[in-house]
Structure formats: C-alpha cells, structure tokens
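S.K.: This is target_20.cif (mmCIF, C-alpha atoms and all ligand atoms).
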```
data_work
#
loop_
_atom_site.group_PDB
_atom_site.id
_atom_site.type_symbol
_atom_site.label_atom_id
_atom_site.label_comp_id
_atom_site.auth_asym_id
_atom_site.auth_seq_id
_atom_site.Cartn_x
_atom_site.Cartn_y
_atom_site.Cartn_z
ATOM 1 C CA MET A 427 -16.516 -48.620 -57.631
ATOM 2 C CA MET A 428 -18.504 -45.530 -58.700
ATOM 3 C CA GLN A 429 -18.889 -45.208 -62.457
ATOM 4 C CA ARG A 430 -17.736 -41.987 -64.054
ATOM 5 C CA PRO A 431 -20.903 -40.022 -65.037
ATOM 6 C CA ALA A 432 -21.476 -39.761 -68.802
ATOM 7 C CA GLU A 433 -20.541 -36.469 -70.434
ATOM 8 C CA VAL A 434 -23.505 -34.095 -70.864
ATOM 9 C CA ARG A 435 -23.470 -32.065 -74.069
ATOM 10 C CA HIS A 436 -26.673 -30.987 -75.841
ATOM 11 C CA PRO A 437 -26.058 -27.828 -77.885
ATOM 12 C CA VAL A 438 -29.435 -27.834 -79.669
ATOM 13 C CA LEU A 439 -31.390 -28.369 -76.457
ATOM 14 C CA ALA A 440 -29.412 -25.596 -74.758
ATOM 15 C CA SER A 441 -30.183 -23.172 -77.582
ATOM 16 C CA LEU A 442 -33.923 -24.000 -77.478
ATOM 17 C CA TYR A 443 -34.353 -24.352 -73.717
ATOM 18 C CA ASP A 444 -35.360 -20.823 -72.707
ATOM 19 C CA GLY A 445 -37.795 -20.556 -75.626
ATOM 20 C CA PHE A 446 -39.300 -23.947 -74.743
ATOM 21 C CA MET A 447 -39.718 -22.940 -71.090
ATOM 22 C CA ARG A 448 -41.019 -19.382 -71.661
ATOM 23 C CA PRO A 449 -44.721 -20.287 -72.176
ATOM 24 C CA GLN A 450 -44.566 -22.855 -69.366
ATOM 25 C CA GLU A 451 -43.159 -20.306 -66.923
ATOM 26 C CA LYS A 452 -46.205 -18.064 -67.370
ATOM 27 C CA LEU A 453 -49.097 -20.156 -68.667
ATOM 28 C CA LEU A 454 -48.450 -23.369 -66.713
ATOM 29 C CA GLY A 455 -47.330 -21.579 -63.569
ATOM 30 C CA VAL A 456 -43.756 -22.910 -63.485
ATOM 31 C CA GLY A 457 -42.515 -19.403 -62.639
ATOM 32 C CA ARG A 458 -44.846 -19.263 -59.638
ATOM 33 C CA GLN A 459 -43.571 -22.668 -58.486
ATOM 34 C CA ARG A 460 -39.966 -21.483 -58.825
ATOM 35 C CA GLU A 461 -40.848 -18.500 -56.649
ATOM 36 C CA ARG A 462 -42.353 -20.775 -53.971
ATOM 37 C CA LEU A 463 -39.368 -23.119 -54.129
ATOM 38 C CA MET A 464 -36.832 -20.348 -53.706
ATOM 39 C CA ALA A 465 -38.639 -18.778 -50.739
ATOM 40 C CA ASP A 466 -37.016 -21.519 -48.601
ATOM 41 C CA ALA A 467 -33.430 -20.986 -49.832
ATOM 42 C CA ARG A 468 -31.107 -19.939 -46.996
ATOM 43 C CA GLY A 469 -27.416 -19.396 -46.312
ATOM 44 C CA ARG A 470 -24.877 -21.120 -48.548
ATOM 45 C CA VAL A 471 -26.826 -22.554 -51.473
ATOM 46 C CA LEU A 472 -25.826 -25.202 -53.985
ATOM 47 C CA GLU A 473 -28.014 -25.620 -57.074
ATOM 48 C CA ILE A 474 -27.467 -28.761 -59.154
ATOM 49 C CA GLY A 475 -28.211 -28.809 -62.895
ATOM 50 C CA PHE A 476 -28.481 -25.007 -63.014
ATOM 51 C CA GLY A 477 -29.288 -25.078 -66.756
ATOM 52 C CA THR A 478 -29.458 -21.574 -68.180
ATOM 53 C CA GLY A 479 -30.088 -20.151 -64.707
ATOM 54 C CA LEU A 480 -33.865 -19.660 -64.894
ATOM 55 C CA ASN A 481 -34.128 -19.802 -61.099
ATOM 56 C CA LEU A 482 -31.714 -16.952 -60.535
ATOM 57 C CA PRO A 483 -34.281 -14.097 -60.583
ATOM 58 C CA TYR A 484 -36.275 -15.877 -57.851
ATOM 59 C CA TYR A 485 -33.474 -16.191 -55.287
ATOM 60 C CA PRO A 486 -33.903 -14.319 -52.005
ATOM 61 C CA PRO A 487 -30.755 -12.653 -50.587
ATOM 62 C CA VAL A 488 -28.823 -15.820 -49.686
ATOM 63 C CA ASP A 489 -25.166 -15.773 -48.544
ATOM 64 C CA HIS A 490 -23.668 -17.374 -51.620
ATOM 65 C CA LEU A 491 -24.716 -19.526 -54.565
ATOM 66 C CA THR A 492 -22.659 -22.345 -56.040
ATOM 67 C CA ALA A 493 -24.356 -23.372 -59.274
ATOM 68 C CA THR A 494 -23.287 -26.605 -60.953
ATOM 69 C CA GLU A 495 -24.095 -27.508 -64.539
ATOM 70 C CA PRO A 496 -22.297 -30.236 -66.524
ATOM 71 C CA ASP A 497 -23.335 -29.144 -70.032
ATOM 72 C CA PRO A 498 -20.964 -26.443 -71.338
ATOM 73 C CA ASN A 499 -23.678 -25.172 -73.698
ATOM 74 C CA MET A 500 -26.126 -24.594 -70.836
ATOM 75 C CA ARG A 501 -23.342 -23.224 -68.664
ATOM 76 C CA ARG A 502 -22.352 -20.553 -71.175
ATOM 77 C CA ARG A 503 -25.931 -19.258 -71.241
ATOM 78 C CA ALA A 504 -26.108 -19.425 -67.440
ATOM 79 C CA GLY A 505 -22.908 -17.344 -67.282
ATOM 80 C CA GLU A 506 -24.543 -14.686 -69.453
ATOM 81 C CA ARG A 507 -27.612 -14.641 -67.189
ATOM 82 C CA VAL A 508 -25.494 -14.394 -64.034
ATOM 83 C CA ALA A 509 -23.606 -11.450 -65.568
ATOM 84 C CA SER A 510 -26.825 -9.685 -66.583
ATOM 85 C CA ILE A 511 -28.649 -9.888 -63.230
ATOM 86 C CA GLU A 512 -27.627 -7.794 -60.266
ATOM 87 C CA SER A 513 -27.593 -9.950 -57.109
ATOM 88 C CA THR A 514 -26.787 -9.222 -53.501
ATOM 89 C CA PHE A 515 -24.779 -12.478 -53.373
ATOM 90 C CA THR A 516 -21.909 -13.941 -55.373
ATOM 91 C CA VAL A 517 -22.420 -16.853 -57.762
ATOM 92 C CA ASP A 518 -19.812 -19.498 -58.598
ATOM 93 C CA LEU A 519 -20.692 -21.462 -61.709
ATOM 94 C CA LEU A 520 -19.000 -24.877 -61.854
ATOM 95 C CA GLY A 521 -18.964 -27.523 -64.554
ATOM 96 C CA ALA A 522 -19.872 -30.749 -62.769
ATOM 97 C CA PRO A 523 -22.479 -33.511 -62.765
ATOM 98 C CA ALA A 524 -24.533 -33.977 -59.606
ATOM 99 C CA GLU A 525 -23.085 -37.478 -59.203
ATOM 100 C CA ALA A 526 -19.651 -35.971 -58.421
ATOM 101 C CA LEU A 527 -20.020 -32.546 -56.815
ATOM 102 C CA PRO A 528 -16.729 -30.655 -56.477
ATOM 103 C CA VAL A 529 -17.611 -29.148 -53.080
ATOM 104 C CA PRO A 530 -16.629 -30.132 -49.520
ATOM 105 C CA ASP A 531 -18.722 -32.222 -47.140
ATOM 106 C CA GLY A 532 -21.282 -30.230 -45.146
ATOM 107 C CA SER A 533 -20.679 -27.009 -47.070
ATOM 108 C CA ALA A 534 -24.266 -26.157 -48.119
ATOM 109 C CA ASP A 535 -27.225 -25.019 -46.014
ATOM 110 C CA THR A 536 -29.596 -25.486 -48.947
ATOM 111 C CA VAL A 537 -29.408 -27.669 -52.045
ATOM 112 C CA VAL A 538 -31.779 -26.826 -54.906
ATOM 113 C CA ALA A 539 -32.809 -29.492 -57.436
ATOM 114 C CA CYS A 540 -35.193 -28.058 -60.027
ATOM 115 C CA LEU A 541 -36.344 -30.056 -63.069
ATOM 116 C CA VAL A 542 -33.119 -32.040 -62.896
ATOM 117 C CA LEU A 543 -33.652 -35.252 -60.886
ATOM 118 C CA CYS A 544 -35.679 -36.463 -63.892
ATOM 119 C CA THR A 545 -32.574 -36.201 -66.086
ATOM 120 C CA ILE A 546 -29.564 -37.171 -63.989
ATOM 121 C CA GLY A 547 -28.049 -40.467 -65.168
ATOM 122 C CA ASP A 548 -27.521 -41.944 -61.689
ATOM 123 C CA VAL A 549 -30.073 -40.269 -59.442
ATOM 124 C CA ARG A 550 -29.092 -42.363 -56.390
ATOM 125 C CA ALA A 551 -25.449 -41.321 -56.652
ATOM 126 C CA ALA A 552 -26.567 -37.699 -57.041
ATOM 127 C CA LEU A 553 -28.788 -37.834 -53.941
ATOM 128 C CA ALA A 554 -25.946 -39.424 -51.962
ATOM 129 C CA GLU A 555 -23.813 -36.466 -53.024
ATOM 130 C CA VAL A 556 -26.549 -34.056 -51.920
ATOM 131 C CA ARG A 557 -26.520 -35.706 -48.476
ATOM 132 C CA ARG A 558 -22.740 -35.469 -48.312
ATOM 133 C CA VAL A 559 -22.604 -31.756 -49.112
ATOM 134 C CA LEU A 560 -25.538 -30.657 -46.920
ATOM 135 C CA ALA A 561 -24.584 -29.254 -43.522
ATOM 136 C CA PRO A 562 -26.408 -30.618 -40.446
ATOM 137 C CA GLY A 563 -29.873 -29.041 -40.420
ATOM 138 C CA GLY A 564 -29.638 -28.271 -44.150
ATOM 139 C CA ARG A 565 -32.560 -28.591 -46.538
ATOM 140 C CA LEU A 566 -33.088 -30.026 -50.010
ATOM 141 C CA LEU A 567 -35.572 -28.043 -52.132
ATOM 142 C CA VAL A 568 -37.131 -29.837 -55.092
ATOM 143 C CA LEU A 569 -39.355 -28.820 -57.973
ATOM 144 C CA GLU A 570 -39.760 -31.758 -60.343
ATOM 145 C CA HIS A 571 -42.097 -33.510 -62.707
ATOM 146 C CA VAL A 572 -42.638 -37.107 -61.601
ATOM 147 C CA ARG A 573 -44.524 -40.300 -62.371
ATOM 148 C CA SER A 574 -48.258 -39.643 -62.099
ATOM 149 C CA ALA A 575 -50.458 -41.597 -59.693
ATOM 150 C CA ALA A 576 -53.185 -41.843 -62.363
ATOM 151 C CA PRO A 577 -52.755 -45.155 -64.261
ATOM 152 C CA ALA A 578 -53.672 -43.771 -67.709
ATOM 153 C CA VAL A 579 -51.181 -40.919 -67.369
ATOM 154 C CA THR A 580 -48.502 -43.294 -66.022
ATOM 155 C CA TRP A 581 -49.025 -45.514 -69.052
ATOM 156 C CA LEU A 582 -48.528 -42.543 -71.373
ATOM 157 C CA GLN A 583 -45.442 -41.440 -69.431
ATOM 158 C CA HIS A 584 -43.887 -44.931 -69.779
ATOM 159 C CA ALA A 585 -44.742 -45.075 -73.466
ATOM 160 C CA ALA A 586 -43.360 -41.632 -74.273
ATOM 161 C CA THR A 587 -40.182 -41.763 -72.170
ATOM 162 C CA PRO A 588 -37.915 -43.665 -74.632
ATOM 163 C CA VAL A 589 -38.564 -41.053 -77.341
ATOM 164 C CA TRP A 590 -38.669 -38.064 -74.982
ATOM 165 C CA ARG A 591 -35.336 -39.054 -73.394
ATOM 166 C CA ASN A 592 -33.648 -38.676 -76.756
ATOM 167 C CA LEU A 593 -35.265 -35.323 -77.464
ATOM 168 C CA ALA A 594 -34.851 -33.843 -74.007
ATOM 169 C CA GLY A 595 -31.299 -34.650 -72.945
ATOM 170 C CA GLY A 596 -32.099 -37.816 -70.985
ATOM 171 C CA CYS A 597 -35.259 -36.611 -69.210
ATOM 172 C CA HIS A 598 -37.522 -39.394 -67.816
ATOM 173 C CA LEU A 599 -41.223 -38.581 -67.666
ATOM 174 C CA ASP A 600 -41.892 -41.532 -65.363
ATOM 175 C CA ARG A 601 -39.272 -41.262 -62.629
ATOM 176 C CA GLU A 602 -40.508 -41.760 -59.060
ATOM 177 C CA THR A 603 -38.479 -38.890 -57.711
ATOM 178 C CA VAL A 604 -40.292 -38.499 -54.377
ATOM 179 C CA VAL A 605 -39.654 -42.192 -53.643
ATOM 180 C CA GLU A 606 -35.994 -41.799 -54.662
ATOM 181 C CA VAL A 607 -35.523 -38.757 -52.427
ATOM 182 C CA GLU A 608 -37.062 -40.508 -49.420
ATOM 183 C CA ALA A 609 -35.057 -43.688 -50.059
ATOM 184 C CA ALA A 610 -31.887 -41.597 -50.106
ATOM 185 C CA GLY A 611 -32.487 -40.551 -46.484
ATOM 186 C CA PHE A 612 -34.657 -37.452 -46.677
ATOM 187 C CA MET A 613 -37.995 -36.627 -45.091
ATOM 188 C CA PHE A 614 -40.334 -34.071 -46.640
ATOM 189 C CA GLU A 615 -41.383 -31.312 -44.267
ATOM 190 C CA HIS A 616 -43.542 -29.826 -46.966
ATOM 191 C CA LEU A 617 -44.687 -31.486 -50.191
ATOM 192 C CA TRP A 618 -47.140 -30.033 -52.693
ATOM 193 C CA ARG A 619 -48.290 -32.250 -55.533
ATOM 194 C CA SER A 620 -50.417 -31.146 -58.473
ATOM 195 C CA GLY A 621 -53.760 -32.774 -59.343
ATOM 196 C CA ASP A 622 -54.975 -32.958 -55.729
ATOM 197 C CA GLY A 623 -51.915 -34.928 -54.690
ATOM 198 C CA ARG A 624 -51.910 -37.390 -57.613
ATOM 199 C CA GLY A 625 -50.473 -35.297 -60.438
ATOM 200 C CA SER A 626 -47.093 -35.071 -62.124
ATOM 201 C CA PHE A 627 -45.576 -31.982 -60.500
ATOM 202 C CA VAL A 628 -44.114 -31.788 -57.035
ATOM 203 C CA GLN A 629 -42.566 -29.001 -55.039
ATOM 204 C CA GLY A 630 -41.129 -29.684 -51.631
ATOM 205 C CA ARG A 631 -38.640 -29.071 -48.860
ATOM 206 C CA ALA A 632 -36.885 -32.068 -47.284
ATOM 207 C CA ARG A 633 -34.474 -32.527 -44.400
ATOM 208 C CA MET A 634 -32.044 -35.360 -43.838
ATOM 209 C CA THR A 635 -33.126 -38.204 -41.625
ATOM 210 C CA ALA A 636 -30.674 -39.483 -39.013
ATOM 211 C CA GLY A 637 -28.084 -42.070 -39.992
HETATM 212 C C1 LIG B 1 -34.578 -29.528 -67.737
HETATM 213 S S1 LIG B 1 -33.025 -28.791 -67.461
HETATM 214 C C2 LIG B 1 -33.349 -27.853 -65.975
HETATM 215 C C3 LIG B 1 -32.482 -26.648 -65.837
HETATM 216 C C4 LIG B 1 -32.781 -25.743 -64.639
HETATM 217 N N1 LIG B 1 -32.567 -26.456 -63.403
HETATM 218 C C5 LIG B 1 -34.163 -25.171 -64.680
HETATM 219 O O1 LIG B 1 -34.865 -25.255 -63.682
HETATM 220 O O2 LIG B 1 -34.549 -24.601 -65.701
HETATM 221 C C6 LIG B 1 -32.062 -30.142 -66.846
HETATM 222 C C7 LIG B 1 -30.632 -29.753 -66.588
HETATM 223 O O3 LIG B 1 -29.956 -30.848 -65.969
HETATM 224 C C8 LIG B 1 -28.650 -30.898 -66.490
HETATM 225 N N2 LIG B 1 -28.081 -32.235 -66.243
HETATM 226 C C9 LIG B 1 -28.081 -33.305 -67.073
HETATM 227 N N3 LIG B 1 -27.427 -34.332 -66.492
HETATM 228 C C10 LIG B 1 -27.016 -33.891 -65.281
HETATM 229 C C11 LIG B 1 -26.257 -34.478 -64.225
HETATM 230 N N4 LIG B 1 -25.830 -35.736 -64.294
HETATM 231 N N5 LIG B 1 -26.011 -33.714 -63.136
HETATM 232 C C12 LIG B 1 -26.475 -32.445 -63.050
HETATM 233 N N6 LIG B 1 -27.180 -31.843 -64.019
HETATM 234 C C13 LIG B 1 -27.445 -32.560 -65.121
HETATM 235 C C14 LIG B 1 -28.830 -30.547 -67.943
HETATM 236 O O4 LIG B 1 -27.616 -30.186 -68.557
HETATM 237 C C15 LIG B 1 -29.835 -29.428 -67.857
HETATM 238 O O5 LIG B 1 -29.209 -28.200 -67.717
#
```
Would you mind writing the structure in this file as structure tokens?
Ligand SMILES: C[S@@+](CC[C@H](N)C(=O)[O-])C[C@H]1O[C@@H](n2cnc3c(N)ncnc32)[C@H](O)[C@@H]1O

M.R.:
Amino acid sequence: MMQRPAEVRHPVLASLYDGFMRPQEKLLGVGRQRERLMADARGRVLEIGFGTGLNLPYYPPVDHLTATEPDPNMRRRAGERVASIESTFTVDLLGAPAEALPVPDGSADTVVACLVLCTIGDVRAALAEVRRVLAPGGRLLVLEHVRSAAPAVTWLQHAATPVWRNLAGGCHLDRETVVEVEAAGFMFEHLWRSGDGRGSFVQGRARMTAG
C-alpha cells in the first residue's frame, strides 16, 4: 500500500528562498538554465514542486499550466507571483505532493521538475506519478543538482547531506536523479551535465520508454 506523503511545511525556508536563489540565478547561471529548460515546454504543462514560481517568467506561451506545490508557505508566495505576472496562459496552483498528483491520467504534454527531485520524500512514487499523468508522446523536463561523478565531491555531498537536509527542507545533495529518472521508465533525448559531463548540475528532456 502506498504511504501517505509527509506534510511539507517550511515557513522560514519559504521566506528566505527567493533571496537565497537571487545570486545563484544570475552569478551561477541558474536563470539561464531555467530559460533553456522552459524552451521545451509545450501544450498542457504540469510543474511539480513549483516553489515560489521562479520558473514562471521563463515559460513560453503554453496552453495551460497546472502548478503543484505542497508547502502552503511556498504556495502563497507563488500565488503572489502568478498574480503579478501577465501570462498568455492560465495557471492553476494546487496544493499537492508529487507522490499523489491530483490530475487525471495522460493529462499533461509536459511535466517540469526543477530543483525538486532532490527533495521529494519518495522520488520513485513521484516519478511513477509523472508517468501516469504524461500523455503519450509527452516529455519530462528536468533541471536538478545531482550526485557528482568526482569522488572527492561525492564524498563531500554524502558528508553534508544529513545537515543540509535539515536546513533545506529535505534536499539531498547526493541523489542520483538521472539514474532514478531512467529507472522509472524514461529515456533522455537531451542531457546536459555541468563539469564536462561529470558535474553536479543536469538539465534534460526525457520521453517515456515503452511498457
Ligand atoms: C528547492 S525548491 C524548488 C522550487 C522551484 N521548483 C524552483 O525551481 O525554484 C523545492 C520545492 O519542492 C517542494 N517539495 C518538497 N517536497 C515535495 C514533494 N513531496 N512533492 C512536490 N514538491 C515538494 C518544496 O516545498 C519546495 O517548494
């Protein structure tokens, strides 16, 4: 039987999140990666773990966006961002964890997972949900930090994760997200990885494999 996902509620993190991300968006190029990620968004889009909605300004004119975010503190800020940005498409903001998406089977042409697969409690359940809600021919777009392929960095990621998880709402620095996505029945059509293919950031577009 599927376990009920734990409640997500981090008011301090939510209040600090945009300020924490601001320098990374510009100086570390996260904004540029968001732009690249969103260039592939098409049709009916579902974004999981929408946070405060930092991806919203990068969306092309899609048909519709369903944005899910389980933390009410993040969601309130996302609602303010949605209201303050003029879009050509409508946005539905839903309170739900990715492990139990309140949307019908096959109802999304694109699912966006951005800096969230590192944090989700049960990433396998979440990816099974992504498969369920994607329409045939749909695509999963990911921008994530992952376990490095460099042993010294991996060691540091393992060592820091127990502390970092507590500070950053459950975020794992050492999750093998690309492996998890492929094991869940996806194949990357495009995959960029920092550090000449061995670093800790990935951005990619995946389609479902048969079966
Ligand atoms: C690092 S933030 C990323 C927010 C946003 N996607 C972005 O790119 O800025 C991680 C987000 O995942 C959300 N989250 C935590 N557990 C989750 C779950 N089980 N399902 C979906 N989202 C979750 C958090 O509330 C938080 O908003």

S.K.: Selected by the PyMOL selection byres (((chain A and resi 570) around 7) and not hetatm) in the shown coordinates: which residues, as a tab-separated table (two decimals) with C-alpha atoms, keeping the file's coordinate frame?

M.R.:
```tsv
chain	number	residue	atom	x	y	z
A	540	CYS	CA	-35.19	-28.06	-60.03
A	541	LEU	CA	-36.34	-30.06	-63.07
A	568	VAL	CA	-37.13	-29.84	-55.09
A	569	LEU	CA	-39.35	-28.82	-57.97
A	571	HIS	CA	-42.10	-33.51	-62.71
A	572	VAL	CA	-42.64	-37.11	-61.60
A	627	PHE	CA	-45.58	-31.98	-60.50
A	628	VAL	CA	-44.11	-31.79	-57.04
A	629	GLN	CA	-42.57	-29.00	-55.04
```

S.K.: What would the selection look like, as a ChimeraX atom specification, if the PyMOL selection byres (((chain A and resi 531) around 10) and not hetatm) were run on the coordinates I just shared?

M.R.: /A:527-530,532-534,555-561

S.K.: Return as a list in words the residues of protein, DNA or RNA that approach ligand LIG 1 (chain B) to within 6 Å, with all atoms listed in the file taken into account.

M.R.: Val434, Ile474, Gly475, Phe476, Gly477, Leu480, Glu495, Pro496, Asp497, Met500, Pro523, Ala524, Cys540, Leu541, Val542, Thr545, Ile546 and Gly547 of chain A

S.K.: Report, in Å with one decimal, the straight-line distance from atom CA of Arg435 of chain A to atom CA of Arg507 of chain A.

M.R.: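 Computed distance, atom CA of Arg435 of chain A to atom CA of Arg507 of chain A, equals 19.2 Å.
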
S.K.: Exactly which residues make up the result of the PyMOL selection byres (((chain A and resi 460) around 9) and not hetatm) on this file, given as an mmCIF file with C-alpha atoms, in the coordinates of the input?

M.R.:
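That gives us selection_0.cif:
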```
data_model
loop_
_atom_site.group_PDB
_atom_site.id
_atom_site.type_symbol
_atom_site.label_atom_id
_atom_site.label_comp_id
_atom_site.auth_asym_id
_atom_site.auth_seq_id
_atom_site.Cartn_x
_atom_site.Cartn_y
_atom_site.Cartn_z
ATOM 1 C CA GLU A 451 -43.159 -20.306 -66.923
ATOM 2 C CA GLY A 455 -47.330 -21.579 -63.569
ATOM 3 C CA VAL A 456 -43.756 -22.910 -63.485
ATOM 4 C CA GLY A 457 -42.515 -19.403 -62.639
ATOM 5 C CA ARG A 458 -44.846 -19.263 -59.638
ATOM 6 C CA GLN A 459 -43.571 -22.668 -58.486
ATOM 7 C CA GLU A 461 -40.848 -18.500 -56.649
ATOM 8 C CA ARG A 462 -42.353 -20.775 -53.971
ATOM 9 C CA LEU A 463 -39.368 -23.119 -54.129
ATOM 10 C CA MET A 464 -36.832 -20.348 -53.706
ATOM 11 C CA ALA A 465 -38.639 -18.778 -50.739
ATOM 12 C CA LEU A 480 -33.865 -19.660 -64.894
ATOM 13 C CA ASN A 481 -34.128 -19.802 -61.099
ATOM 14 C CA TYR A 484 -36.275 -15.877 -57.851
ATOM 15 C CA CYS A 540 -35.193 -28.058 -60.027
ATOM 16 C CA LEU A 569 -39.355 -28.820 -57.973
ATOM 17 C CA GLN A 629 -42.566 -29.001 -55.039
#
```

S.K.: Which is closer to Leu593 of chain A than all the others in A:Asn499, A:Pro437, A:Leu519, A:Ala578, using all atoms listed in the file?

M.R.: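 Among the listed residues, the smallest separation from Leu593 of chain A belongs to A:Pro437.
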
S.K.: Skipping near chain neighbours, those fewer than 2 positions away, what residues fall within 7 Å of Leu599 of chain A using only C-alpha atoms, listed as a PDB file with C-alpha atoms, in the coordinates of the input?

M.R.:
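Saved file around.pdb follows:
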```pdb
ATOM      1  CA  VAL A 572     -42.638 -37.107 -61.601  1.00  0.00           C
ATOM      2  CA  ARG A 573     -44.524 -40.300 -62.371  1.00  0.00           C
ATOM      3  CA  GLN A 583     -45.442 -41.440 -69.431  1.00  0.00           C
ATOM      4  CA  THR A 587     -40.182 -41.763 -72.170  1.00  0.00           C
ATOM      5  CA  CYS A 597     -35.259 -36.611 -69.210  1.00  0.00           C
ATOM      6  CA  ARG A 601     -39.272 -41.262 -62.629  1.00  0.00           C
TER       7      ARG A 601
END
```
